[in-house]
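Asker: So that you have it, the file is structure_12.txt, and it contains compact mmCIF, C-alpha atoms:
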# COMPACT_ATOMS: atom_id res chain seq x y z
CA MET W 287 -53.02 42.66 -26.25
CA ALA W 288 -51.33 40.98 -29.18
CA LEU W 289 -47.98 41.56 -27.46
CA VAL W 290 -49.21 39.91 -24.27
CA ILE W 291 -50.43 36.90 -26.19
CA ALA W 292 -47.19 36.70 -28.14
CA THR W 293 -45.16 36.92 -24.92
CA ALA W 294 -47.30 34.28 -23.26
CA PHE W 295 -46.85 32.08 -26.30
CA MET W 296 -43.07 32.53 -26.21
CA VAL W 297 -42.91 31.76 -22.50
CA THR W 298 -44.96 28.64 -23.08
CA ALA W 299 -42.74 27.66 -25.97
CA ILE W 300 -39.55 28.15 -23.94
CA ALA W 301 -41.00 26.31 -20.97
CA GLY W 302 -42.06 23.55 -23.31
CA CYS W 303 -38.54 23.40 -24.66
CA LYS W 304 -37.12 23.16 -21.15
CA SER W 305 -39.39 20.32 -20.09
CA THR W 306 -38.56 18.23 -23.16
CA PRO W 307 -34.91 18.68 -24.06
CA LYS W 308 -33.63 16.95 -27.14
CA ASP W 309 -32.27 13.45 -26.63
CA ALA W 310 -28.87 14.57 -27.94
CA ASP W 311 -28.66 17.30 -25.29
CA LEU W 312 -29.71 14.83 -22.59
CA LYS W 313 -27.01 12.44 -23.71
CA THR W 314 -24.35 15.14 -23.33
CA ALA W 315 -25.72 16.20 -19.93
CA VAL W 316 -25.80 12.64 -18.60
CA GLU W 317 -22.31 11.94 -19.91
CA THR W 318 -21.07 15.03 -18.09
CA ALA W 319 -22.84 13.91 -14.92
CA ILE W 320 -21.38 10.41 -14.76
CA GLN W 321 -18.07 10.40 -16.58
CA SER W 322 -16.08 12.18 -13.87
CA SER W 323 -16.46 9.12 -11.62
CA PRO W 324 -13.07 7.41 -11.16
CA ASN W 325 -14.82 4.07 -10.64
CA LEU W 326 -16.39 4.01 -14.11
CA SER W 327 -14.77 2.73 -17.30
CA ALA W 328 -15.86 1.91 -20.85
CA SER W 329 -19.03 3.90 -20.31
CA GLY W 330 -21.78 4.56 -22.81
CA VAL W 331 -24.96 6.64 -22.73
CA ALA W 332 -27.96 6.17 -25.02
CA VAL W 333 -31.14 8.26 -24.89
CA ASP W 334 -34.48 7.50 -26.47
CA LYS W 335 -37.36 9.94 -25.85
CA GLY W 336 -35.97 10.91 -22.47
CA VAL W 337 -35.26 7.34 -21.37
CA VAL W 338 -31.55 7.03 -20.58
CA THR W 339 -29.61 3.76 -20.79
CA ILE W 340 -26.18 3.75 -19.19
CA THR W 341 -23.63 1.02 -19.82
CA GLY W 342 -20.06 0.45 -18.69
CA GLN W 343 -18.05 -1.10 -15.91
CA VAL W 344 -17.85 0.00 -12.30
CA THR W 345 -15.81 -1.31 -9.41
CA ASP W 346 -18.62 -1.86 -6.91
CA GLU W 347 -22.37 -1.86 -6.24
CA ALA W 348 -22.30 1.53 -4.50
CA SER W 349 -20.80 3.19 -7.58
CA LYS W 350 -23.45 1.60 -9.79
CA ASP W 351 -26.25 2.97 -7.61
CA ALA W 352 -24.65 6.40 -7.31
CA LEU W 353 -24.17 6.75 -11.07
CA GLY W 354 -27.74 5.61 -11.74
CA LYS W 355 -28.99 8.31 -9.38
CA ALA W 356 -26.69 10.93 -10.94
CA ALA W 357 -28.13 10.14 -14.37
CA ALA W 358 -31.71 10.23 -13.05
CA ALA W 359 -31.05 13.65 -11.48
CA VAL W 360 -30.30 15.28 -14.85
CA PRO W 361 -33.27 17.56 -15.69
CA GLY W 362 -35.43 16.12 -18.44
CA VAL W 363 -34.51 12.47 -17.85
CA LYS W 364 -37.71 10.43 -17.64
CA SER W 365 -36.18 7.21 -16.42
CA VAL W 366 -32.86 5.39 -16.29
CA VAL W 367 -32.04 1.88 -17.42
CA ASN W 368 -28.97 1.05 -15.37
CA ASN W 369 -26.98 -1.55 -17.32
CA LEU W 370 -23.67 -0.89 -15.55
CA THR W 371 -21.80 -4.09 -14.71
CA ILE W 372 -19.62 -4.62 -11.67
CA GLU W 373 -16.09 -5.74 -12.46
CA VAL W 374 -13.93 -6.38 -9.45
CA ALA W 375 -10.25 -5.98 -10.27
CA LYS W 376 -8.34 -9.22 -9.74
CA VAL W 377 -5.88 -9.17 -6.88
CA GLU W 378 -2.33 -9.06 -8.18
CA VAL W 379 -0.46 -12.19 -7.08
CA THR W 380 3.24 -12.83 -7.69
CA ALA W 381 4.02 -15.88 -9.88
CA ASP W 382 5.42 -18.87 -7.99
CA THR W 383 9.02 -18.72 -9.25
CA PRO W 384 9.79 -15.09 -8.30
CA LEU W 385 7.62 -15.49 -5.18
CA ALA W 386 9.62 -18.52 -4.02
CA LEU W 387 12.88 -16.61 -4.52
CA ALA W 388 11.54 -13.61 -2.61
CA VAL W 389 10.22 -15.82 0.20
CA LYS W 390 13.64 -17.45 0.49
CA ASP W 391 15.20 -14.01 0.90
CA ALA W 392 12.58 -12.91 3.41
CA THR W 393 12.93 -16.01 5.60
CA LYS W 394 16.71 -16.31 5.38
CA ASP W 395 17.25 -14.76 8.80
CA PHE W 396 14.77 -17.11 10.44
CA PRO W 397 16.53 -20.49 10.17
CA THR W 398 13.87 -22.29 12.22
CA VAL W 399 11.24 -21.45 9.58
CA ALA W 400 10.63 -23.63 6.52
CA ALA W 401 8.65 -21.85 3.81
CA THR W 402 7.10 -23.36 0.70
CA VAL W 403 5.20 -21.74 -2.17
CA ASN W 404 2.41 -23.37 -4.13
CA ASP W 405 0.01 -21.54 -6.45
CA GLY W 406 0.68 -18.24 -4.73
CA VAL W 407 0.11 -19.62 -1.23
CA VAL W 408 3.06 -19.25 1.13
CA THR W 409 3.08 -21.95 3.81
CA LEU W 410 5.21 -21.35 6.89
CA LYS W 411 6.22 -24.32 9.04
CA GLY W 412 8.64 -24.85 11.89
CA GLU W 413 8.86 -22.73 14.98
CA LEU W 414 9.52 -19.10 15.78
CA LYS W 415 9.81 -16.81 18.76
CA LYS W 416 6.75 -14.59 19.25
CA ALA W 417 9.00 -11.51 19.11
CA ASP W 418 10.11 -12.34 15.55
CA LEU W 419 6.69 -13.27 14.19
CA GLN W 420 5.47 -9.80 13.23
CA LYS W 421 8.69 -8.96 11.40
CA LEU W 422 8.50 -12.18 9.39
CA MET W 423 4.81 -11.66 8.58
CA MET W 424 5.46 -8.07 7.44
CA ALA W 425 8.19 -9.29 5.09
CA VAL W 426 6.15 -12.18 3.62
CA ASN W 427 2.94 -10.13 3.25
CA ALA W 428 4.84 -7.52 1.21
CA LEU W 429 5.68 -10.08 -1.52
CA LYS W 430 2.12 -10.10 -2.95
CA PRO W 431 1.22 -13.71 -2.10
CA LYS W 432 -2.30 -15.02 -2.62
CA LYS W 433 -2.41 -16.17 0.97
CA VAL W 434 -0.10 -16.81 3.91
CA ASP W 435 -0.77 -20.11 5.63
CA ASN W 436 0.99 -19.71 8.96
CA GLN W 437 1.46 -23.10 10.61
CA LEU W 438 4.38 -21.98 12.76
CA VAL W 439 4.58 -23.13 16.34
CA ILE W 440 5.00 -19.91 18.30
CA LYS W 441 7.42 -20.18 21.22
CA MET K 209 -18.10 -9.06 3.80
CA ALA K 210 -17.55 -11.05 6.97
CA LEU K 211 -13.79 -10.46 6.77
CA GLN K 212 -14.31 -6.71 6.51
CA GLU K 213 -16.29 -7.01 9.74
CA LYS K 214 -13.57 -9.06 11.44
CA TYR K 215 -10.90 -6.51 10.48
CA LYS K 216 -13.15 -3.44 10.78
CA GLU K 217 -11.00 -1.88 13.52
CA LEU K 218 -7.93 -2.24 11.29
CA ILE K 219 -9.66 -0.84 8.19
CA ASP K 220 -11.10 2.07 10.18
CA ALA K 221 -7.66 2.83 11.62
CA ALA K 222 -6.10 2.81 8.14
CA THR K 223 -8.84 5.10 6.83
CA SER K 224 -8.59 7.58 9.69
CA ALA K 225 -4.77 7.61 9.52
CA GLY K 226 -5.04 8.72 5.87
CA VAL K 227 -3.14 5.78 4.36
CA ASN K 228 -2.36 6.62 0.71
CA ASP K 229 -3.85 4.51 -2.09
CA LEU K 230 -5.69 2.43 0.50
CA ASN K 231 -7.23 -0.55 -1.28
CA VAL K 232 -9.38 -3.08 0.58
CA ARG K 233 -10.95 -5.99 -1.28
CA GLU K 234 -11.91 -9.58 -0.70
CA GLN K 235 -11.29 -12.47 -3.07
CA ASP K 236 -11.69 -16.22 -2.52
CA GLY K 237 -11.89 -15.97 1.25
CA VAL K 238 -8.89 -13.70 1.69
CA LEU K 239 -9.00 -9.97 2.46
CA TYR K 240 -6.32 -7.84 0.79
CA ILE K 241 -5.32 -4.48 2.26
CA ASP K 242 -2.75 -2.38 0.41
CA GLY K 243 -1.50 1.13 0.88
CA ALA K 244 1.41 3.40 1.70
CA THR K 245 2.01 5.30 4.91
CA SER K 246 4.59 6.17 7.59
CA GLY K 247 6.52 3.59 9.60
CA ALA K 248 4.58 4.53 12.75
CA VAL K 249 1.16 3.97 11.15
CA LYS K 250 2.34 0.71 9.59
CA GLN K 251 3.37 -0.49 13.05
CA GLN K 252 0.00 0.54 14.49
CA LEU K 253 -1.87 -1.35 11.76
CA TRP K 254 0.21 -4.48 12.23
CA ASP K 255 -0.37 -4.39 16.00
CA SER K 256 -4.08 -4.17 15.25
CA TYR K 257 -3.83 -7.14 12.85
CA GLU K 258 -2.08 -9.19 15.53
CA ARG K 259 -4.77 -8.29 18.08
CA LEU K 260 -7.64 -9.24 15.76
CA ASP K 261 -5.98 -12.45 14.55
CA PRO K 262 -3.64 -13.75 17.27
CA ASN K 263 -0.39 -15.18 15.81
CA TYR K 264 -1.74 -14.44 12.30
CA ALA K 265 -3.06 -17.99 12.33
CA SER K 266 -6.20 -17.65 10.17
CA GLY K 267 -4.57 -16.95 6.80
CA ASP K 268 -7.48 -14.70 5.81
CA LEU K 269 -5.66 -11.38 5.43
CA VAL K 270 -2.75 -10.29 3.24
CA MET K 271 -1.68 -6.82 4.34
CA ASN K 272 0.91 -4.98 2.28
CA ILE K 273 1.52 -1.58 3.86
CA ASN K 274 4.51 0.14 2.29
CA SER K 275 6.25 2.57 4.63
CA VAL K 276 9.30 3.14 2.46
CA ALA K 277 7.71 4.33 -0.80
CA GLY K 278 8.48 7.98 -0.09
CA ILE K 279 12.13 7.59 0.94
CA PRO K 280 14.27 9.59 -1.53
CA GLU K 281 17.66 8.57 -2.93
CA GLY K 282 20.43 10.00 -0.79
CA ALA K 283 18.48 9.35 2.41
CA LYS K 284 20.33 8.01 5.45
CA LEU K 285 19.33 4.54 6.61
CA LYS K 286 20.09 2.74 9.83
CA VAL K 287 20.95 -0.95 9.77
CA THR K 288 18.32 -2.64 11.94
CA THR K 289 19.23 -6.32 11.87
CA ASN K 290 18.32 -8.46 14.87
CA SER K 291 21.93 -8.95 15.93
CA SER K 292 24.14 -9.79 12.96
CA ASN K 293 25.80 -7.66 10.30
CA LEU K 294 23.87 -6.76 7.17
CA ASN K 295 25.07 -8.39 3.97
CA ILE K 296 25.74 -6.15 0.99
CA ARG K 297 25.42 -8.10 -2.24
CA LYS K 298 26.50 -7.75 -5.84
CA GLY K 299 22.92 -8.09 -7.11
CA PRO K 300 19.36 -7.91 -5.73
CA SER K 301 18.97 -11.48 -4.42
CA THR K 302 20.48 -13.76 -1.79
CA ASN K 303 21.89 -15.79 -4.71
CA ASP K 304 24.27 -12.93 -5.46
CA ASP K 305 27.72 -12.80 -3.90
CA ILE K 306 28.35 -10.81 -0.73
CA VAL K 307 30.55 -7.83 -1.52
CA GLY K 308 30.52 -6.18 1.89
CA LYS K 309 28.89 -5.94 5.28
CA ALA K 310 27.36 -3.17 7.34
CA ALA K 311 27.39 -3.38 11.13
CA ARG K 312 24.20 -3.37 13.19
CA HIS K 313 23.08 0.24 13.78
CA GLU K 314 25.56 1.58 11.21
CA ILE K 315 24.23 4.46 9.08
CA VAL K 316 24.32 3.92 5.31
CA THR K 317 23.10 5.95 2.31
CA LEU K 318 20.35 4.98 -0.14
CA VAL K 319 21.69 5.04 -3.70
CA GLY K 320 18.76 3.50 -5.58
CA LYS K 321 15.76 1.21 -5.30
CA GLU K 322 15.68 -2.04 -7.27
CA ASN K 323 12.28 -2.96 -5.82
CA ASP K 324 10.48 -2.88 -2.47
CA GLN K 325 12.71 -5.69 -1.16
CA TRP K 326 16.17 -4.72 -2.46
CA TRP K 327 17.89 -1.35 -2.32
CA LEU K 328 21.29 -0.26 -3.57
CA ILE K 329 23.15 1.27 -0.63
CA LYS K 330 26.57 2.71 0.11
CA THR K 331 28.46 2.65 3.40
CA ASP K 332 30.63 5.49 4.67
CA ASP K 333 33.63 3.28 3.80
CA GLY K 334 32.54 3.35 0.16
CA GLU K 335 31.23 -0.22 -0.04
CA GLN K 336 28.29 -0.32 -2.41
CA GLY K 337 25.80 -3.05 -3.21
CA TYR K 338 22.30 -4.39 -2.64
CA SER K 339 20.73 -5.01 0.76
CA TYR K 340 17.39 -6.27 1.97
CA THR K 341 15.07 -3.38 2.87
CA GLN K 342 13.58 -5.26 5.81
CA TYR K 343 16.74 -4.47 7.76
CA LEU K 344 17.01 -0.81 6.78
CA THR K 345 15.13 1.88 8.68
CA PRO K 346 15.06 5.51 7.54
CA VAL K 347 16.72 7.89 9.99
CA GLU K 348 13.98 10.40 10.80
So, in terms of structure tokens, how does the structure I just supplied come out?

Answerer:
Amino acid sequence: MALVIATAFMVTAIAGCKSTPKDADLKTAVETAIQSSPNLSASGVAVDKGVVTITGQVTDEASKDALGKAAAAVPGVKSVVNNLTIEVAKVEVTADTPLALAVKDATKDFPTVAATVNDGVVTLKGELKKADLQKLMMAVNALKPKKVDNQLVIK
Amino acid sequence: MALQEKYKELIDAATSAGVNDLNVREQDGVLYIDGATSGAVKQQLWDSYERLDPNYASGDLVMNINSVAGIPEGAKLKVTTNSSNLNIRKGPSTNDDIVGKAARHEIVTLVGKENDQWWLIKTDDGEQGYSYTQYLTPVE
């Protein structure tokens, strides 16, 4: 009888342990759950009595939601404070001086086209045959402009 | 988000074609699509772009699809100018002197890549210098 009681006590104790893991263990488990995401950087996890706070930067809203859910799914987590911020990477735009040089090269074979560069925006003026337009656009788009303002008259 | 709707067909095509490092994002009213793929897929995506935005007149998409990233040094390239010869220059810019010419449809060899626009090439006659990649097509 004593053995049964002792066993029951142990089971209860273990179960009790399982339902309330230590905050430090939760922190490790949550870190493991979220840190494999390629869209997360500068992340941090804090746990206080089962309440998890996650911080860091993600690339989009969907990643923020997904990581919040991943943290909430860790056994023992009572609730999640999702303090992830969304940082959209700036589009890489070529500086005007090298861009203007590259645009000059790219438009050299299209003498009816006049191209100018201002603050990353490539403006195309003049006229061009329809058959040449795609080739020109491919070349100009590859130079990492901010925008291509095509004002060409298409023949 | 509206731009992603306008170019949905194009984005879907790029996704289903398995374009490498596909990156689609919108900033200040312009959609940027970057990635690397084969010449055939690049052509397909550009045809889609032209269909969705006739004459590329809206200025709301910058598409940089690199179809030459995987070409190794030593590869054979065909000169695909519109009609003229291809200039071979001393350095990687049109400001550099012309040191040779390659005829239209001549086959040359890739020696090295300065950047996505300028490659160092060598003709069968031994002329070596920089040419504009727009007029070089890998022989497949």

Asker: Compare W:Lys313, W:Lys430, W:Lys364, W:Lys335 by their minimum atom-to-atom distance to Ala381 of chain W, counting only C-alpha atoms, and give me the closest one.

Answerer: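 The shortest atom-to-atom distance to Ala381 of chain W comes from W:Lys430.
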
Asker: Quick one: pull the distance between atom CA of Lys298 of chain K and atom CA of Tyr338 of chain K, Å, one decimal.

Answerer: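 These two atoms are separated by 6.3 Å.
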
Asker: Report the distance between atom CA of Pro280 of chain K and atom CA of Asp418 of chain W in Å, rounded to one decimal place.

Answerer: 28.1 Å

Asker: Between K:Val307, K:Leu294, K:Val316, K:Ala265, which is the closest to chain W once you count only C-alpha atoms?

Answerer: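 Going through K:Val307, K:Leu294, K:Val316, K:Ala265 one by one, the smallest distance to chain W is for K:Ala265.
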
Asker: Of the candidates W:Ala352, W:Leu438, W:Ala425, W:Val337, which one gets nearest to Ser365 of chain W if we count all atoms listed in the file?

Answerer: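 Using all atoms listed in the file, Ser365 of chain W sits closest to W:Val337.
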
Asker: Check which residues of chain W sit at most 6 Å from chain K using all atoms listed in the file, and return one row each with the closest pair of atoms and their distance in Å to one decimal, ordered by chain and rising number, as CSV.

Answerer:
residue,atom,partner,partner_atom,distance
W:Asp391,CA,K:Thr302,CA,5.9
W:Asn427,CA,K:Asn272,CA,5.6
W:Ala428,CA,K:Asn272,CA,4.8
W:Val434,CA,K:Gly267,CA,5.3
W:Asp435,CA,K:Gly267,CA,5.1
W:Asn436,CA,K:Ala265,CA,5.5

Asker: State, in Å with one decimal place, the distance from atom CA of Val363 of chain W to atom CA of Thr318 of chain W.

Answerer: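 Between atom CA of Val363 of chain W and atom CA of Thr318 of chain W the gap works out to 13.7 Å.
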
Asker: For Glu378 of chain W, which of W:Glu413, W:Pro361, W:Gln420, W:Gly406 is the closest residue, counting all atoms listed in the file?

Answerer: W:Gly406

Asker: Please determine, counting all atoms listed in the file, which residue among W:Val399, W:Ala315, W:Val439, W:Val407 has the shortest atom-to-atom distance to Leu422 of chain W.

Answerer: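 Closest candidate: W:Val399.
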
Asker: For Ala417 of chain W, which residue out of W:Ala332, W:Gln321, W:Phe396, W:Thr383 is the nearest one, using all atoms listed in the file?

Answerer: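 Result for the nearest residue to Ala417 of chain W: W:Phe396.
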
Asker: Excluding Thr402 of chain W and any residue of its chain fewer than 3 positions from it, enumerate the residues within 9 Å of it, using only C-alpha atoms, and give them as a ChimeraX atom specification.

Answerer: /W:386,389-390,407-411

Asker: Generate a file of the selected residues that holds C-alpha atoms, formatted as a tab-separated table (two decimals), in the coordinates of the input.

Answerer:
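In the end it all went to out-v9.tsv:
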chain	number	residue	atom	x	y	z
W	386	ALA	CA	9.62	-18.52	-4.02
W	389	VAL	CA	10.22	-15.82	0.20
W	390	LYS	CA	13.64	-17.45	0.49
W	407	VAL	CA	0.11	-19.62	-1.23
W	408	VAL	CA	3.06	-19.25	1.13
W	409	THR	CA	3.08	-21.95	3.81
W	410	LEU	CA	5.21	-21.35	6.89
W	411	LYS	CA	6.22	-24.32	9.04

Asker: Taking (-19.7, 2.0, -24.7) in the file's coordinates as the center, which residues reach within 12 Å of it, counting all atoms listed in the file, put as a ChimeraX atom specification?

Answerer: /W:317,321,326-332,339-343,369-371

Asker: Can you list, as a PyMOL selection string, every protein, DNA or RNA residue that comes within 6 Å of Leu344 of chain K when you count all atoms listed in the file, leaving out same-chain residues fewer than 5 positions away?

Answerer: chain K and resi 285-288

Asker: Output as lines of an AutoDock Vina configuration file the centre and edge lengths (Å, one decimal) of the box along x, y and z of the file that holds every listed atom of segment 394-411 of chain W after adding 4 Å on each side.

Answerer:
center_x = 8.6
center_y = -19.5
center_z = 2.9
size_x = 25.2
size_y = 17.6
size_z = 26.7

Asker: Hey, can you pull every residue with an atom no more than 12 Å from (-6.7, -2.9, 13.3), using all atoms listed in the file, and send it as a VMD selection string?

Answerer: chain K and resid 212 to 225 241 249 to 262 269 271

Asker: For Lys330 of chain K, please output as a VMD selection string all residues within 7 Å (counting all atoms listed in the file; exclusion window: fewer than 3 positions along the same chain).

Answerer: chain K and resid 316 to 319 334 to 337

Asker: Taking the block above, write segment 410-421 of chain W with all heavy atoms as an mmCIF file, in the first residue's frame.

Answerer:
data_model
loop_
_atom_site.group_PDB
_atom_site.id
_atom_site.type_symbol
_atom_site.label_atom_id
_atom_site.label_comp_id
_atom_site.auth_asym_id
_atom_site.auth_seq_id
_atom_site.Cartn_x
_atom_site.Cartn_y
_atom_site.Cartn_z
ATOM 1 N N LEU W 410 13.866 57.356 -70.229
ATOM 2 C CA LEU W 410 14.159 57.062 -71.626
ATOM 3 C C LEU W 410 13.270 57.920 -72.509
ATOM 4 O O LEU W 410 12.040 57.889 -72.380
ATOM 5 C CB LEU W 410 13.901 55.577 -71.925
ATOM 6 C CG LEU W 410 14.671 54.567 -71.059
ATOM 7 C CD1 LEU W 410 14.169 53.158 -71.323
ATOM 8 C CD2 LEU W 410 16.166 54.653 -71.341
ATOM 9 N N LYS W 411 13.896 58.697 -73.401
ATOM 10 C CA LYS W 411 13.136 59.516 -74.344
ATOM 11 C C LYS W 411 13.623 59.256 -75.752
ATOM 12 O O LYS W 411 14.694 58.687 -75.960
ATOM 13 C CB LYS W 411 13.297 61.002 -73.990
ATOM 14 C CG LYS W 411 12.566 61.395 -72.719
ATOM 15 C CD LYS W 411 12.628 62.880 -72.460
ATOM 16 C CE LYS W 411 11.869 63.210 -71.178
ATOM 17 N NZ LYS W 411 12.023 64.603 -70.785
ATOM 18 N N GLY W 412 12.830 59.716 -76.732
ATOM 19 C CA GLY W 412 13.169 59.485 -78.116
ATOM 20 C C GLY W 412 12.214 58.486 -78.712
ATOM 21 O O GLY W 412 11.065 58.371 -78.266
ATOM 22 N N GLU W 413 12.679 57.744 -79.688
ATOM 23 C CA GLU W 413 11.803 56.736 -80.282
ATOM 24 C C GLU W 413 12.560 55.449 -80.517
ATOM 25 O O GLU W 413 13.796 55.430 -80.575
ATOM 26 C CB GLU W 413 11.202 57.266 -81.583
ATOM 27 C CG GLU W 413 12.234 57.717 -82.608
ATOM 28 C CD GLU W 413 11.588 58.203 -83.891
ATOM 29 O OE1 GLU W 413 10.690 59.052 -83.794
ATOM 30 O OE2 GLU W 413 11.983 57.718 -84.964
ATOM 31 N N LEU W 414 11.793 54.363 -80.613
ATOM 32 C CA LEU W 414 12.423 53.047 -80.768
ATOM 33 C C LEU W 414 11.447 52.115 -81.466
ATOM 34 O O LEU W 414 10.232 52.219 -81.293
ATOM 35 C CB LEU W 414 12.779 52.484 -79.378
ATOM 36 C CG LEU W 414 13.688 51.255 -79.343
ATOM 37 C CD1 LEU W 414 15.064 51.588 -79.900
ATOM 38 C CD2 LEU W 414 13.815 50.716 -77.926
ATOM 39 N N LYS W 415 12.035 51.192 -82.241
ATOM 40 C CA LYS W 415 11.203 50.165 -82.872
ATOM 41 C C LYS W 415 10.716 49.200 -81.791
ATOM 42 O O LYS W 415 11.445 48.867 -80.865
ATOM 43 C CB LYS W 415 12.026 49.373 -83.901
ATOM 44 C CG LYS W 415 12.200 50.085 -85.228
ATOM 45 C CD LYS W 415 12.941 49.198 -86.211
ATOM 46 C CE LYS W 415 14.361 48.962 -85.766
ATOM 47 N NZ LYS W 415 15.205 48.237 -86.705
ATOM 48 N N LYS W 416 9.497 48.736 -81.935
ATOM 49 C CA LYS W 416 8.912 47.787 -80.978
ATOM 50 C C LYS W 416 9.821 46.566 -80.779
ATOM 51 O O LYS W 416 9.973 46.068 -79.662
ATOM 52 C CB LYS W 416 7.534 47.362 -81.507
ATOM 53 C CG LYS W 416 6.859 46.299 -80.689
ATOM 54 C CD LYS W 416 5.739 46.865 -79.860
ATOM 55 C CE LYS W 416 5.052 45.758 -79.082
ATOM 56 N NZ LYS W 416 4.475 46.253 -77.830
ATOM 57 N N ALA W 417 10.429 46.111 -81.883
ATOM 58 C CA ALA W 417 11.246 44.896 -81.832
ATOM 59 C C ALA W 417 12.485 45.061 -80.940
ATOM 60 O O ALA W 417 13.028 44.080 -80.439
ATOM 61 C CB ALA W 417 11.667 44.492 -83.249
ATOM 62 N N ASP W 418 12.947 46.298 -80.762
ATOM 63 C CA ASP W 418 14.149 46.527 -79.954
ATOM 64 C C ASP W 418 13.834 46.845 -78.497
ATOM 65 O O ASP W 418 14.733 46.878 -77.652
ATOM 66 C CB ASP W 418 14.948 47.707 -80.532
ATOM 67 C CG ASP W 418 15.644 47.323 -81.832
ATOM 68 O OD1 ASP W 418 15.874 46.118 -82.037
ATOM 69 O OD2 ASP W 418 15.938 48.231 -82.623
ATOM 70 N N LEU W 419 12.552 47.106 -78.215
ATOM 71 C CA LEU W 419 12.182 47.620 -76.896
ATOM 72 C C LEU W 419 12.519 46.648 -75.765
ATOM 73 O O LEU W 419 13.096 47.031 -74.753
ATOM 74 C CB LEU W 419 10.687 47.968 -76.872
ATOM 75 C CG LEU W 419 10.162 48.505 -75.539
ATOM 76 C CD1 LEU W 419 10.850 49.804 -75.169
ATOM 77 C CD2 LEU W 419 8.651 48.713 -75.597
ATOM 78 N N GLN W 420 12.178 45.369 -75.953
ATOM 79 C CA GLN W 420 12.394 44.412 -74.875
ATOM 80 C C GLN W 420 13.881 44.269 -74.546
ATOM 81 O O GLN W 420 14.273 44.210 -73.381
ATOM 82 C CB GLN W 420 11.794 43.054 -75.237
ATOM 83 C CG GLN W 420 11.749 42.107 -74.065
ATOM 84 C CD GLN W 420 11.160 40.771 -74.420
ATOM 85 O OE1 GLN W 420 11.757 39.998 -75.155
ATOM 86 N NE2 GLN W 420 9.961 40.485 -73.905
ATOM 87 N N LYS W 421 14.700 44.244 -75.595
ATOM 88 C CA LYS W 421 16.148 44.101 -75.394
ATOM 89 C C LYS W 421 16.701 45.288 -74.595
ATOM 90 O O LYS W 421 17.503 45.118 -73.677
ATOM 91 C CB LYS W 421 16.836 44.001 -76.755
ATOM 92 C CG LYS W 421 18.242 43.477 -76.667
ATOM 93 C CD LYS W 421 18.737 42.987 -78.031
ATOM 94 C CE LYS W 421 20.030 42.195 -77.834
ATOM 95 N NZ LYS W 421 20.467 41.489 -79.016
#
